[in-house]
Amino acid sequence: MDTSSSLGFGHFIAQTDALGRTLLVLLLLMSLASWALVALKGFAQWRRQRRAAAFLASFWNAPTLDEVQHQLSTHGAHDPFAHLTAHALHAQQHHARHGATRLADAGSTADFITRTIRKVLDEETTRMESGLTTLATVGATAPFVGLFGTVWGVYHALVAIGISGAGTLDKVAGPVGEALIMTGLGLAVAIPAVVAYNAFVRANRVLAARLDAFAFELHSFLTLGEAPGATHYQAHHQAHHPVHPSAAGAERVRAVRPVVA
């Protein structure tokens, strides 16, 4: 009775060696890092969704793209949709004013806007995926760290039992049971990290799909519709390079599809 009452997590920590304590500290650090990432990314995702909803409401209710640009100039771009819109509007205006004067501006206005959209989408994808590698690493390695601690603990327990010569069940089951604590800790660290990783990946996939659809609409507005500052440039360009509207629309739709996929 006294022996069983003395066994437990505290006894395991007290009798373990330097390697066992190192593994415990490693699991603690992995747990702290994963929970910190869950909190930070969860808050960032919630704030991003609120700001995106507010911007999309103002975008679709705006009478013209000039009004959208005025709102962006006043309030700034604080979500992926506003960031994409601001860069696309700037690209359209820049190319309308300066044309293809540099290699970076080569191609038509639609081509330049397409490259800008591609760049912004890549940046937003990278930003959304930041920290997920750490969560995936914790979820994949924490169980093995715990298992390593268990194997190490069982090894020392069996060696101690062999030296003492006491091979009864109570002498074996207690130390071996204590060693299994490390496996439990590894699973306790890994499971929340894996659940959070899957949740964030799904949320990012949904947001990427919405951003994809919005990028296609925005590209259509800027290339097929009326855009701020582009009236004179488009009239001059169409006068010298007439293109059938349906053919131009089909070409631009094909051009943007691979970009926002």
# chains A, B, ... in the order shown; residues from 1 in each chain; ligands from 1
>>> residues_around(residues="Val201 in chain A", least_positions_apart="6", cutoff="10 Å", atoms="only C-alpha atoms", output="number ranges by chain")
A: 128-129, 132, 207
>>> closest_atom_pairs(of="range 109-184 of chain A", to="range 214-223 of chain A", cutoff="9 Å", atoms="only C-alpha atoms", output="Markdown table")
| residue | atom | partner | partner_atom | distance |
| --- | --- | --- | --- | --- |
| A:Thr109 | CA | A:Thr223 | CA | 7.4 |
| A:Ala110 | CA | A:Thr223 | CA | 5.7 |
| A:Ile113 | CA | A:His219 | CA | 7.2 |
| A:Thr114 | CA | A:His219 | CA | 7.3 |
| A:Ile117 | CA | A:Ala215 | CA | 7.1 |
| A:Leu121 | CA | A:Ala215 | CA | 8.6 |
>>> closest_residue(among="A:Ile163, A:Ala193, A:Ala62, A:Leu158", to="Leu37 in chain A", atoms="only C-alpha atoms")
A:Ala193
>>> closest_residue(among="A:Trp60, A:Gly153, A:Val68, A:Pro143", to="Ala188 in chain A", atoms="only C-alpha atoms")
A:Pro143
>>> select_by_dssp(residues="range 50-170 of chain A", states="alpha helix (DSSP H)", output="PDB file with N, CA and C atoms, in the first residue's frame")
ATOM      1  N   ARG A  50     -13.674  38.988 -39.980  1.00  0.00           N
ATOM      2  CA  ARG A  50     -14.514  40.161 -39.725  1.00  0.00           C
ATOM      3  C   ARG A  50     -14.163  41.303 -40.668  1.00  0.00           C
ATOM      4  N   ARG A  51     -12.879  41.572 -40.834  1.00  0.00           N
ATOM      5  CA  ARG A  51     -12.465  42.664 -41.715  1.00  0.00           C
ATOM      6  C   ARG A  51     -12.800  42.355 -43.167  1.00  0.00           C
ATOM      7  N   ALA A  52     -12.645  41.094 -43.565  1.00  0.00           N
ATOM      8  CA  ALA A  52     -12.974  40.722 -44.937  1.00  0.00           C
ATOM      9  C   ALA A  52     -14.461  40.898 -45.207  1.00  0.00           C
ATOM     10  N   ALA A  53     -15.299  40.503 -44.261  1.00  0.00           N
ATOM     11  CA  ALA A  53     -16.742  40.672 -44.439  1.00  0.00           C
ATOM     12  C   ALA A  53     -17.111  42.145 -44.564  1.00  0.00           C
ATOM     13  N   ALA A  54     -16.497  42.989 -43.749  1.00  0.00           N
ATOM     14  CA  ALA A  54     -16.783  44.427 -43.813  1.00  0.00           C
ATOM     15  C   ALA A  54     -16.321  45.015 -45.143  1.00  0.00           C
ATOM     16  N   PHE A  55     -15.133  44.616 -45.602  1.00  0.00           N
ATOM     17  CA  PHE A  55     -14.643  45.169 -46.873  1.00  0.00           C
ATOM     18  C   PHE A  55     -15.492  44.700 -48.047  1.00  0.00           C
ATOM     19  N   LEU A  56     -15.847  43.415 -48.083  1.00  0.00           N
ATOM     20  CA  LEU A  56     -16.651  42.908 -49.197  1.00  0.00           C
ATOM     21  C   LEU A  56     -18.012  43.587 -49.251  1.00  0.00           C
ATOM     22  N   ALA A  57     -18.588  43.850 -48.075  1.00  0.00           N
ATOM     23  CA  ALA A  57     -19.869  44.561 -48.054  1.00  0.00           C
ATOM     24  C   ALA A  57     -19.723  45.957 -48.649  1.00  0.00           C
ATOM     25  N   SER A  58     -18.668  46.670 -48.262  1.00  0.00           N
ATOM     26  CA  SER A  58     -18.457  48.009 -48.800  1.00  0.00           C
ATOM     27  C   SER A  58     -18.081  47.962 -50.281  1.00  0.00           C
ATOM     28  N   PHE A  59     -17.347  46.922 -50.696  1.00  0.00           N
ATOM     29  CA  PHE A  59     -16.946  46.818 -52.099  1.00  0.00           C
ATOM     30  C   PHE A  59     -18.162  46.620 -53.006  1.00  0.00           C
ATOM     31  N   TRP A  60     -19.011  45.664 -52.674  1.00  0.00           N
ATOM     32  CA  TRP A  60     -20.145  45.372 -53.542  1.00  0.00           C
ATOM     33  C   TRP A  60     -21.222  46.444 -53.472  1.00  0.00           C
ATOM     34  N   ASN A  61     -21.235  47.239 -52.411  1.00  0.00           N
ATOM     35  CA  ASN A  61     -22.202  48.326 -52.307  1.00  0.00           C
ATOM     36  C   ASN A  61     -21.676  49.643 -52.853  1.00  0.00           C
ATOM     37  N   LEU A  65     -15.563  51.926 -58.863  1.00  0.00           N
ATOM     38  CA  LEU A  65     -14.263  51.528 -58.349  1.00  0.00           C
ATOM     39  C   LEU A  65     -13.504  52.718 -57.769  1.00  0.00           C
ATOM     40  N   ASP A  66     -13.827  53.929 -58.236  1.00  0.00           N
ATOM     41  CA  ASP A  66     -13.213  55.116 -57.632  1.00  0.00           C
ATOM     42  C   ASP A  66     -13.576  55.218 -56.155  1.00  0.00           C
ATOM     43  N   GLU A  67     -14.828  54.887 -55.837  1.00  0.00           N
ATOM     44  CA  GLU A  67     -15.256  54.918 -54.439  1.00  0.00           C
ATOM     45  C   GLU A  67     -14.533  53.840 -53.630  1.00  0.00           C
ATOM     46  N   VAL A  68     -14.312  52.680 -54.229  1.00  0.00           N
ATOM     47  CA  VAL A  68     -13.569  51.620 -53.550  1.00  0.00           C
ATOM     48  C   VAL A  68     -12.147  52.070 -53.257  1.00  0.00           C
ATOM     49  N   GLN A  69     -11.531  52.703 -54.244  1.00  0.00           N
ATOM     50  CA  GLN A  69     -10.169  53.175 -54.036  1.00  0.00           C
ATOM     51  C   GLN A  69     -10.117  54.270 -52.978  1.00  0.00           C
ATOM     52  N   HIS A  70     -11.124  55.114 -52.925  1.00  0.00           N
ATOM     53  CA  HIS A  70     -11.169  56.151 -51.886  1.00  0.00           C
ATOM     54  C   HIS A  70     -11.279  55.520 -50.506  1.00  0.00           C
ATOM     55  N   GLN A  71     -12.086  54.472 -50.378  1.00  0.00           N
ATOM     56  CA  GLN A  71     -12.206  53.779 -49.101  1.00  0.00           C
ATOM     57  C   GLN A  71     -10.889  53.124 -48.695  1.00  0.00           C
ATOM     58  N   LEU A  72     -10.194  52.546 -49.674  1.00  0.00           N
ATOM     59  CA  LEU A  72      -8.905  51.932 -49.368  1.00  0.00           C
ATOM     60  C   LEU A  72      -7.880  52.982 -48.959  1.00  0.00           C
ATOM     61  N   SER A  73      -7.895  54.120 -49.620  1.00  0.00           N
ATOM     62  CA  SER A  73      -6.963  55.191 -49.261  1.00  0.00           C
ATOM     63  C   SER A  73      -7.257  55.741 -47.880  1.00  0.00           C
ATOM     64  N   THR A  74      -8.528  55.739 -47.503  1.00  0.00           N
ATOM     65  CA  THR A  74      -8.923  56.302 -46.206  1.00  0.00           C
ATOM     66  C   THR A  74      -8.685  55.323 -45.066  1.00  0.00           C
ATOM     67  N   HIS A  75      -9.124  54.084 -45.264  1.00  0.00           N
ATOM     68  CA  HIS A  75      -9.079  53.101 -44.176  1.00  0.00           C
ATOM     69  C   HIS A  75      -7.913  52.127 -44.278  1.00  0.00           C
ATOM     70  N   PRO A  80      -7.135  40.100 -46.724  1.00  0.00           N
ATOM     71  CA  PRO A  80      -6.680  39.635 -48.038  1.00  0.00           C
ATOM     72  C   PRO A  80      -7.446  40.239 -49.206  1.00  0.00           C
ATOM     73  N   PHE A  81      -8.756  40.426 -49.074  1.00  0.00           N
ATOM     74  CA  PHE A  81      -9.551  40.956 -50.178  1.00  0.00           C
ATOM     75  C   PHE A  81      -9.210  42.423 -50.439  1.00  0.00           C
ATOM     76  N   ALA A  82      -9.057  43.202 -49.386  1.00  0.00           N
ATOM     77  CA  ALA A  82      -8.671  44.602 -49.552  1.00  0.00           C
ATOM     78  C   ALA A  82      -7.254  44.719 -50.088  1.00  0.00           C
ATOM     79  N   HIS A  83      -6.369  43.849 -49.609  1.00  0.00           N
ATOM     80  CA  HIS A  83      -4.989  43.853 -50.094  1.00  0.00           C
ATOM     81  C   HIS A  83      -4.945  43.544 -51.586  1.00  0.00           C
ATOM     82  N   LEU A  84      -5.699  42.555 -52.017  1.00  0.00           N
ATOM     83  CA  LEU A  84      -5.738  42.189 -53.424  1.00  0.00           C
ATOM     84  C   LEU A  84      -6.315  43.322 -54.259  1.00  0.00           C
ATOM     85  N   THR A  85      -7.392  43.931 -53.792  1.00  0.00           N
ATOM     86  CA  THR A  85      -8.027  45.022 -54.532  1.00  0.00           C
ATOM     87  C   THR A  85      -7.107  46.220 -54.656  1.00  0.00           C
ATOM     88  N   ALA A  86      -6.441  46.590 -53.579  1.00  0.00           N
ATOM     89  CA  ALA A  86      -5.547  47.744 -53.605  1.00  0.00           C
ATOM     90  C   ALA A  86      -4.417  47.549 -54.605  1.00  0.00           C
ATOM     91  N   HIS A  87      -3.809  46.370 -54.613  1.00  0.00           N
ATOM     92  CA  HIS A  87      -2.709  46.124 -55.539  1.00  0.00           C
ATOM     93  C   HIS A  87      -3.196  46.033 -56.980  1.00  0.00           C
ATOM     94  N   ALA A  88      -4.358  45.444 -57.199  1.00  0.00           N
ATOM     95  CA  ALA A  88      -4.886  45.343 -58.558  1.00  0.00           C
ATOM     96  C   ALA A  88      -5.249  46.723 -59.108  1.00  0.00           C
ATOM     97  N   LEU A  89      -5.867  47.567 -58.296  1.00  0.00           N
ATOM     98  CA  LEU A  89      -6.193  48.929 -58.731  1.00  0.00           C
ATOM     99  C   LEU A  89      -4.928  49.724 -59.032  1.00  0.00           C
ATOM    100  N   HIS A  90      -3.942  49.568 -58.170  1.00  0.00           N
ATOM    101  CA  HIS A  90      -2.682  50.281 -58.408  1.00  0.00           C
ATOM    102  C   HIS A  90      -2.013  49.791 -59.690  1.00  0.00           C
ATOM    103  N   ALA A  91      -2.047  48.488 -59.928  1.00  0.00           N
ATOM    104  CA  ALA A  91      -1.446  47.943 -61.146  1.00  0.00           C
ATOM    105  C   ALA A  91      -2.163  48.462 -62.379  1.00  0.00           C
ATOM    106  N   GLN A  92      -3.500  48.518 -62.337  1.00  0.00           N
ATOM    107  CA  GLN A  92      -4.259  49.012 -63.487  1.00  0.00           C
ATOM    108  C   GLN A  92      -3.946  50.476 -63.765  1.00  0.00           C
ATOM    109  N   GLN A  93      -3.896  51.284 -62.721  1.00  0.00           N
ATOM    110  CA  GLN A  93      -3.610  52.704 -62.902  1.00  0.00           C
ATOM    111  C   GLN A  93      -2.175  52.932 -63.365  1.00  0.00           C
ATOM    112  N   HIS A  94      -1.249  52.180 -62.800  1.00  0.00           N
ATOM    113  CA  HIS A  94       0.152  52.329 -63.183  1.00  0.00           C
ATOM    114  C   HIS A  94       0.352  52.008 -64.658  1.00  0.00           C
ATOM    115  N   HIS A  95      -0.232  50.917 -65.108  1.00  0.00           N
ATOM    116  CA  HIS A  95      -0.060  50.533 -66.509  1.00  0.00           C
ATOM    117  C   HIS A  95      -0.816  51.475 -67.429  1.00  0.00           C
ATOM    118  N   ALA A  96      -1.952  52.013 -66.973  1.00  0.00           N
ATOM    119  CA  ALA A  96      -2.706  52.948 -67.797  1.00  0.00           C
ATOM    120  C   ALA A  96      -1.944  54.260 -67.988  1.00  0.00           C
ATOM    121  N   ARG A  97      -1.207  54.676 -66.985  1.00  0.00           N
ATOM    122  CA  ARG A  97      -0.464  55.938 -67.067  1.00  0.00           C
ATOM    123  C   ARG A  97       0.874  55.784 -67.782  1.00  0.00           C
ATOM    124  N   HIS A  98       1.593  54.683 -67.490  1.00  0.00           N
ATOM    125  CA  HIS A  98       2.953  54.555 -67.981  1.00  0.00           C
ATOM    126  C   HIS A  98       3.117  53.542 -69.104  1.00  0.00           C
ATOM    127  N   THR A 109      -2.448  45.639 -70.336  1.00  0.00           N
ATOM    128  CA  THR A 109      -2.938  45.942 -68.994  1.00  0.00           C
ATOM    129  C   THR A 109      -3.464  44.688 -68.309  1.00  0.00           C
ATOM    130  N   ALA A 110      -4.190  43.856 -69.060  1.00  0.00           N
ATOM    131  CA  ALA A 110      -4.721  42.614 -68.489  1.00  0.00           C
ATOM    132  C   ALA A 110      -3.600  41.693 -68.022  1.00  0.00           C
ATOM    133  N   ASP A 111      -2.521  41.616 -68.799  1.00  0.00           N
ATOM    134  CA  ASP A 111      -1.384  40.776 -68.408  1.00  0.00           C
ATOM    135  C   ASP A 111      -0.728  41.296 -67.134  1.00  0.00           C
ATOM    136  N   PHE A 112      -0.570  42.607 -67.060  1.00  0.00           N
ATOM    137  CA  PHE A 112       0.066  43.200 -65.888  1.00  0.00           C
ATOM    138  C   PHE A 112      -0.788  42.996 -64.641  1.00  0.00           C
ATOM    139  N   ILE A 113      -2.107  43.165 -64.770  1.00  0.00           N
ATOM    140  CA  ILE A 113      -3.009  42.938 -63.638  1.00  0.00           C
ATOM    141  C   ILE A 113      -2.987  41.470 -63.238  1.00  0.00           C
ATOM    142  N   THR A 114      -2.924  40.579 -64.227  1.00  0.00           N
ATOM    143  CA  THR A 114      -2.879  39.148 -63.932  1.00  0.00           C
ATOM    144  C   THR A 114      -1.638  38.794 -63.120  1.00  0.00           C
ATOM    145  N   ARG A 115      -0.487  39.344 -63.507  1.00  0.00           N
ATOM    146  CA  ARG A 115       0.739  39.068 -62.758  1.00  0.00           C
ATOM    147  C   ARG A 115       0.660  39.637 -61.348  1.00  0.00           C
ATOM    148  N   THR A 116       0.047  40.796 -61.212  1.00  0.00           N
ATOM    149  CA  THR A 116      -0.113  41.388 -59.877  1.00  0.00           C
ATOM    150  C   THR A 116      -1.011  40.525 -59.011  1.00  0.00           C
ATOM    151  N   ILE A 117      -2.105  40.044 -59.576  1.00  0.00           N
ATOM    152  CA  ILE A 117      -3.018  39.172 -58.821  1.00  0.00           C
ATOM    153  C   ILE A 117      -2.308  37.894 -58.418  1.00  0.00           C
ATOM    154  N   ARG A 118      -1.523  37.335 -59.330  1.00  0.00           N
ATOM    155  CA  ARG A 118      -0.777  36.118 -59.023  1.00  0.00           C
ATOM    156  C   ARG A 118       0.154  36.345 -57.820  1.00  0.00           C
ATOM    157  N   LYS A 119       0.863  37.457 -57.843  1.00  0.00           N
ATOM    158  CA  LYS A 119       1.805  37.770 -56.771  1.00  0.00           C
ATOM    159  C   LYS A 119       1.091  37.945 -55.437  1.00  0.00           C
ATOM    160  N   VAL A 120      -0.017  38.675 -55.439  1.00  0.00           N
ATOM    161  CA  VAL A 120      -0.742  38.921 -54.185  1.00  0.00           C
ATOM    162  C   VAL A 120      -1.334  37.627 -53.645  1.00  0.00           C
ATOM    163  N   LEU A 121      -1.888  36.793 -54.512  1.00  0.00           N
ATOM    164  CA  LEU A 121      -2.447  35.522 -54.056  1.00  0.00           C
ATOM    165  C   LEU A 121      -1.368  34.637 -53.439  1.00  0.00           C
ATOM    166  N   ASP A 122      -0.182  34.626 -54.040  1.00  0.00           N
ATOM    167  CA  ASP A 122       0.918  33.854 -53.468  1.00  0.00           C
ATOM    168  C   ASP A 122       1.311  34.407 -52.094  1.00  0.00           C
ATOM    169  N   GLU A 123       1.354  35.732 -51.964  1.00  0.00           N
ATOM    170  CA  GLU A 123       1.702  36.331 -50.683  1.00  0.00           C
ATOM    171  C   GLU A 123       0.666  36.001 -49.616  1.00  0.00           C
ATOM    172  N   GLU A 124      -0.598  36.072 -49.974  1.00  0.00           N
ATOM    173  CA  GLU A 124      -1.654  35.787 -49.000  1.00  0.00           C
ATOM    174  C   GLU A 124      -1.647  34.309 -48.605  1.00  0.00           C
ATOM    175  N   THR A 125      -1.388  33.429 -49.558  1.00  0.00           N
ATOM    176  CA  THR A 125      -1.312  32.004 -49.236  1.00  0.00           C
ATOM    177  C   THR A 125      -0.165  31.726 -48.279  1.00  0.00           C
ATOM    178  N   THR A 126       0.975  32.351 -48.541  1.00  0.00           N
ATOM    179  CA  THR A 126       2.122  32.182 -47.648  1.00  0.00           C
ATOM    180  C   THR A 126       1.819  32.710 -46.259  1.00  0.00           C
ATOM    181  N   ARG A 127       1.159  33.850 -46.181  1.00  0.00           N
ATOM    182  CA  ARG A 127       0.827  34.431 -44.882  1.00  0.00           C
ATOM    183  C   ARG A 127      -0.156  33.543 -44.112  1.00  0.00           C
ATOM    184  N   MET A 128      -1.145  32.992 -44.800  1.00  0.00           N
ATOM    185  CA  MET A 128      -2.126  32.147 -44.124  1.00  0.00           C
ATOM    186  C   MET A 128      -1.507  30.839 -43.630  1.00  0.00           C
ATOM    187  N   GLU A 129      -0.503  30.349 -44.335  1.00  0.00           N
ATOM    188  CA  GLU A 129       0.102  29.065 -43.970  1.00  0.00           C
ATOM    189  C   GLU A 129       1.231  29.196 -42.960  1.00  0.00           C
ATOM    190  N   LEU A 132       1.823  26.821 -39.650  1.00  0.00           N
ATOM    191  CA  LEU A 132       1.228  25.494 -39.789  1.00  0.00           C
ATOM    192  C   LEU A 132       2.285  24.396 -39.800  1.00  0.00           C
ATOM    193  N   THR A 133       3.476  24.712 -40.292  1.00  0.00           N
ATOM    194  CA  THR A 133       4.547  23.714 -40.288  1.00  0.00           C
ATOM    195  C   THR A 133       4.914  23.324 -38.859  1.00  0.00           C
ATOM    196  N   THR A 134       4.924  24.306 -37.956  1.00  0.00           N
ATOM    197  CA  THR A 134       5.223  24.009 -36.555  1.00  0.00           C
ATOM    198  C   THR A 134       4.158  23.112 -35.948  1.00  0.00           C
ATOM    199  N   LEU A 135       2.888  23.419 -36.204  1.00  0.00           N
ATOM    200  CA  LEU A 135       1.809  22.574 -35.681  1.00  0.00           C
ATOM    201  C   LEU A 135       1.903  21.158 -36.239  1.00  0.00           C
ATOM    202  N   ALA A 136       2.181  21.043 -37.528  1.00  0.00           N
ATOM    203  CA  ALA A 136       2.306  19.712 -38.131  1.00  0.00           C
ATOM    204  C   ALA A 136       3.484  18.950 -37.541  1.00  0.00           C
ATOM    205  N   THR A 137       4.588  19.653 -37.296  1.00  0.00           N
ATOM    206  CA  THR A 137       5.761  18.999 -36.719  1.00  0.00           C
ATOM    207  C   THR A 137       5.482  18.510 -35.308  1.00  0.00           C
ATOM    208  N   VAL A 138       4.826  19.342 -34.506  1.00  0.00           N
ATOM    209  CA  VAL A 138       4.483  18.940 -33.136  1.00  0.00           C
ATOM    210  C   VAL A 138       3.551  17.738 -33.156  1.00  0.00           C
ATOM    211  N   GLY A 139       2.525  17.795 -34.009  1.00  0.00           N
ATOM    212  CA  GLY A 139       1.582  16.684 -34.077  1.00  0.00           C
ATOM    213  C   GLY A 139       2.208  15.384 -34.535  1.00  0.00           C
ATOM    214  N   ALA A 140       3.239  15.472 -35.379  1.00  0.00           N
ATOM    215  CA  ALA A 140       3.856  14.259 -35.917  1.00  0.00           C
ATOM    216  C   ALA A 140       4.936  13.696 -35.006  1.00  0.00           C
ATOM    217  N   THR A 141       5.632  14.558 -34.252  1.00  0.00           N
ATOM    218  CA  THR A 141       6.803  14.099 -33.492  1.00  0.00           C
ATOM    219  C   THR A 141       6.546  13.921 -32.002  1.00  0.00           C
ATOM    220  N   ALA A 142       5.566  14.620 -31.447  1.00  0.00           N
ATOM    221  CA  ALA A 142       5.330  14.535 -30.000  1.00  0.00           C
ATOM    222  C   ALA A 142       5.054  13.098 -29.537  1.00  0.00           C
ATOM    223  N   PRO A 143       4.228  12.301 -30.244  1.00  0.00           N
ATOM    224  CA  PRO A 143       4.031  10.918 -29.778  1.00  0.00           C
ATOM    225  C   PRO A 143       5.327  10.103 -29.752  1.00  0.00           C
ATOM    226  N   PHE A 144       6.209  10.354 -30.698  1.00  0.00           N
ATOM    227  CA  PHE A 144       7.464   9.601 -30.726  1.00  0.00           C
ATOM    228  C   PHE A 144       8.419  10.060 -29.627  1.00  0.00           C
ATOM    229  N   VAL A 145       8.375  11.361 -29.304  1.00  0.00           N
ATOM    230  CA  VAL A 145       9.174  11.836 -28.176  1.00  0.00           C
ATOM    231  C   VAL A 145       8.693  11.179 -26.887  1.00  0.00           C
ATOM    232  N   GLY A 146       7.367  11.128 -26.708  1.00  0.00           N
ATOM    233  CA  GLY A 146       6.823  10.456 -25.532  1.00  0.00           C
ATOM    234  C   GLY A 146       7.136   8.976 -25.507  1.00  0.00           C
ATOM    235  N   LEU A 147       7.069   8.331 -26.679  1.00  0.00           N
ATOM    236  CA  LEU A 147       7.383   6.904 -26.742  1.00  0.00           C
ATOM    237  C   LEU A 147       8.853   6.654 -26.414  1.00  0.00           C
ATOM    238  N   PHE A 148       9.710   7.535 -26.877  1.00  0.00           N
ATOM    239  CA  PHE A 148      11.124   7.403 -26.549  1.00  0.00           C
ATOM    240  C   PHE A 148      11.337   7.503 -25.040  1.00  0.00           C
ATOM    241  N   GLY A 149      10.631   8.451 -24.397  1.00  0.00           N
ATOM    242  CA  GLY A 149      10.721   8.565 -22.939  1.00  0.00           C
ATOM    243  C   GLY A 149      10.217   7.324 -22.231  1.00  0.00           C
ATOM    244  N   THR A 150       9.156   6.726 -22.770  1.00  0.00           N
ATOM    245  CA  THR A 150       8.624   5.503 -22.166  1.00  0.00           C
ATOM    246  C   THR A 150       9.622   4.349 -22.293  1.00  0.00           C
ATOM    247  N   VAL A 151      10.186   4.195 -23.464  1.00  0.00           N
ATOM    248  CA  VAL A 151      11.169   3.116 -23.669  1.00  0.00           C
ATOM    249  C   VAL A 151      12.367   3.312 -22.741  1.00  0.00           C
ATOM    250  N   TRP A 152      12.820   4.551 -22.619  1.00  0.00           N
ATOM    251  CA  TRP A 152      13.955   4.832 -21.751  1.00  0.00           C
ATOM    252  C   TRP A 152      13.610   4.555 -20.284  1.00  0.00           C
ATOM    253  N   GLY A 153      12.406   4.926 -19.869  1.00  0.00           N
ATOM    254  CA  GLY A 153      11.973   4.676 -18.495  1.00  0.00           C
ATOM    255  C   GLY A 153      11.818   3.204 -18.197  1.00  0.00           C
ATOM    256  N   VAL A 154      11.234   2.458 -19.140  1.00  0.00           N
ATOM    257  CA  VAL A 154      11.073   1.019 -18.949  1.00  0.00           C
ATOM    258  C   VAL A 154      12.436   0.330 -18.864  1.00  0.00           C
ATOM    259  N   TYR A 155      13.355   0.777 -19.688  1.00  0.00           N
ATOM    260  CA  TYR A 155      14.709   0.200 -19.654  1.00  0.00           C
ATOM    261  C   TYR A 155      15.342   0.375 -18.271  1.00  0.00           C
ATOM    262  N   HIS A 156      15.297   1.581 -17.722  1.00  0.00           N
ATOM    263  CA  HIS A 156      15.896   1.815 -16.411  1.00  0.00           C
ATOM    264  C   HIS A 156      15.145   1.073 -15.311  1.00  0.00           C
ATOM    265  N   ALA A 157      13.815   0.985 -15.452  1.00  0.00           N
ATOM    266  CA  ALA A 157      13.035   0.267 -14.448  1.00  0.00           C
ATOM    267  C   ALA A 157      13.404  -1.217 -14.431  1.00  0.00           C
ATOM    268  N   LEU A 158      13.538  -1.807 -15.596  1.00  0.00           N
ATOM    269  CA  LEU A 158      13.884  -3.224 -15.659  1.00  0.00           C
ATOM    270  C   LEU A 158      15.311  -3.473 -15.178  1.00  0.00           C
ATOM    271  N   VAL A 159      16.207  -2.548 -15.488  1.00  0.00           N
ATOM    272  CA  VAL A 159      17.578  -2.701 -14.993  1.00  0.00           C
ATOM    273  C   VAL A 159      17.608  -2.652 -13.471  1.00  0.00           C
ATOM    274  N   ALA A 160      16.864  -1.704 -12.889  1.00  0.00           N
ATOM    275  CA  ALA A 160      16.821  -1.581 -11.426  1.00  0.00           C
ATOM    276  C   ALA A 160      16.217  -2.823 -10.793  1.00  0.00           C
ATOM    277  N   ILE A 161      15.163  -3.359 -11.426  1.00  0.00           N
ATOM    278  CA  ILE A 161      14.529  -4.571 -10.891  1.00  0.00           C
ATOM    279  C   ILE A 161      15.492  -5.749 -10.977  1.00  0.00           C
ATOM    280  N   GLY A 162      16.227  -5.820 -12.089  1.00  0.00           N
ATOM    281  CA  GLY A 162      17.172  -6.911 -12.228  1.00  0.00           C
ATOM    282  C   GLY A 162      18.292  -6.839 -11.205  1.00  0.00           C
ATOM    283  N   ILE A 163      18.743  -5.629 -10.889  1.00  0.00           N
ATOM    284  CA  ILE A 163      19.808  -5.489  -9.900  1.00  0.00           C
ATOM    285  C   ILE A 163      19.312  -5.849  -8.514  1.00  0.00           C
ATOM    286  N   SER A 164      18.086  -5.427  -8.203  1.00  0.00           N
ATOM    287  CA  SER A 164      17.544  -5.697  -6.872  1.00  0.00           C
ATOM    288  C   SER A 164      17.151  -7.149  -6.701  1.00  0.00           C
ATOM    289  N   LEU A 169       5.215  -8.893  -9.186  1.00  0.00           N
ATOM    290  CA  LEU A 169       4.392  -8.077 -10.064  1.00  0.00           C
ATOM    291  C   LEU A 169       4.349  -6.617  -9.608  1.00  0.00           C
ATOM    292  N   ASP A 170       4.249  -6.385  -8.294  1.00  0.00           N
ATOM    293  CA  ASP A 170       4.164  -5.006  -7.822  1.00  0.00           C
ATOM    294  C   ASP A 170       5.463  -4.242  -8.071  1.00  0.00           C
TER     295      ASP A 170
END
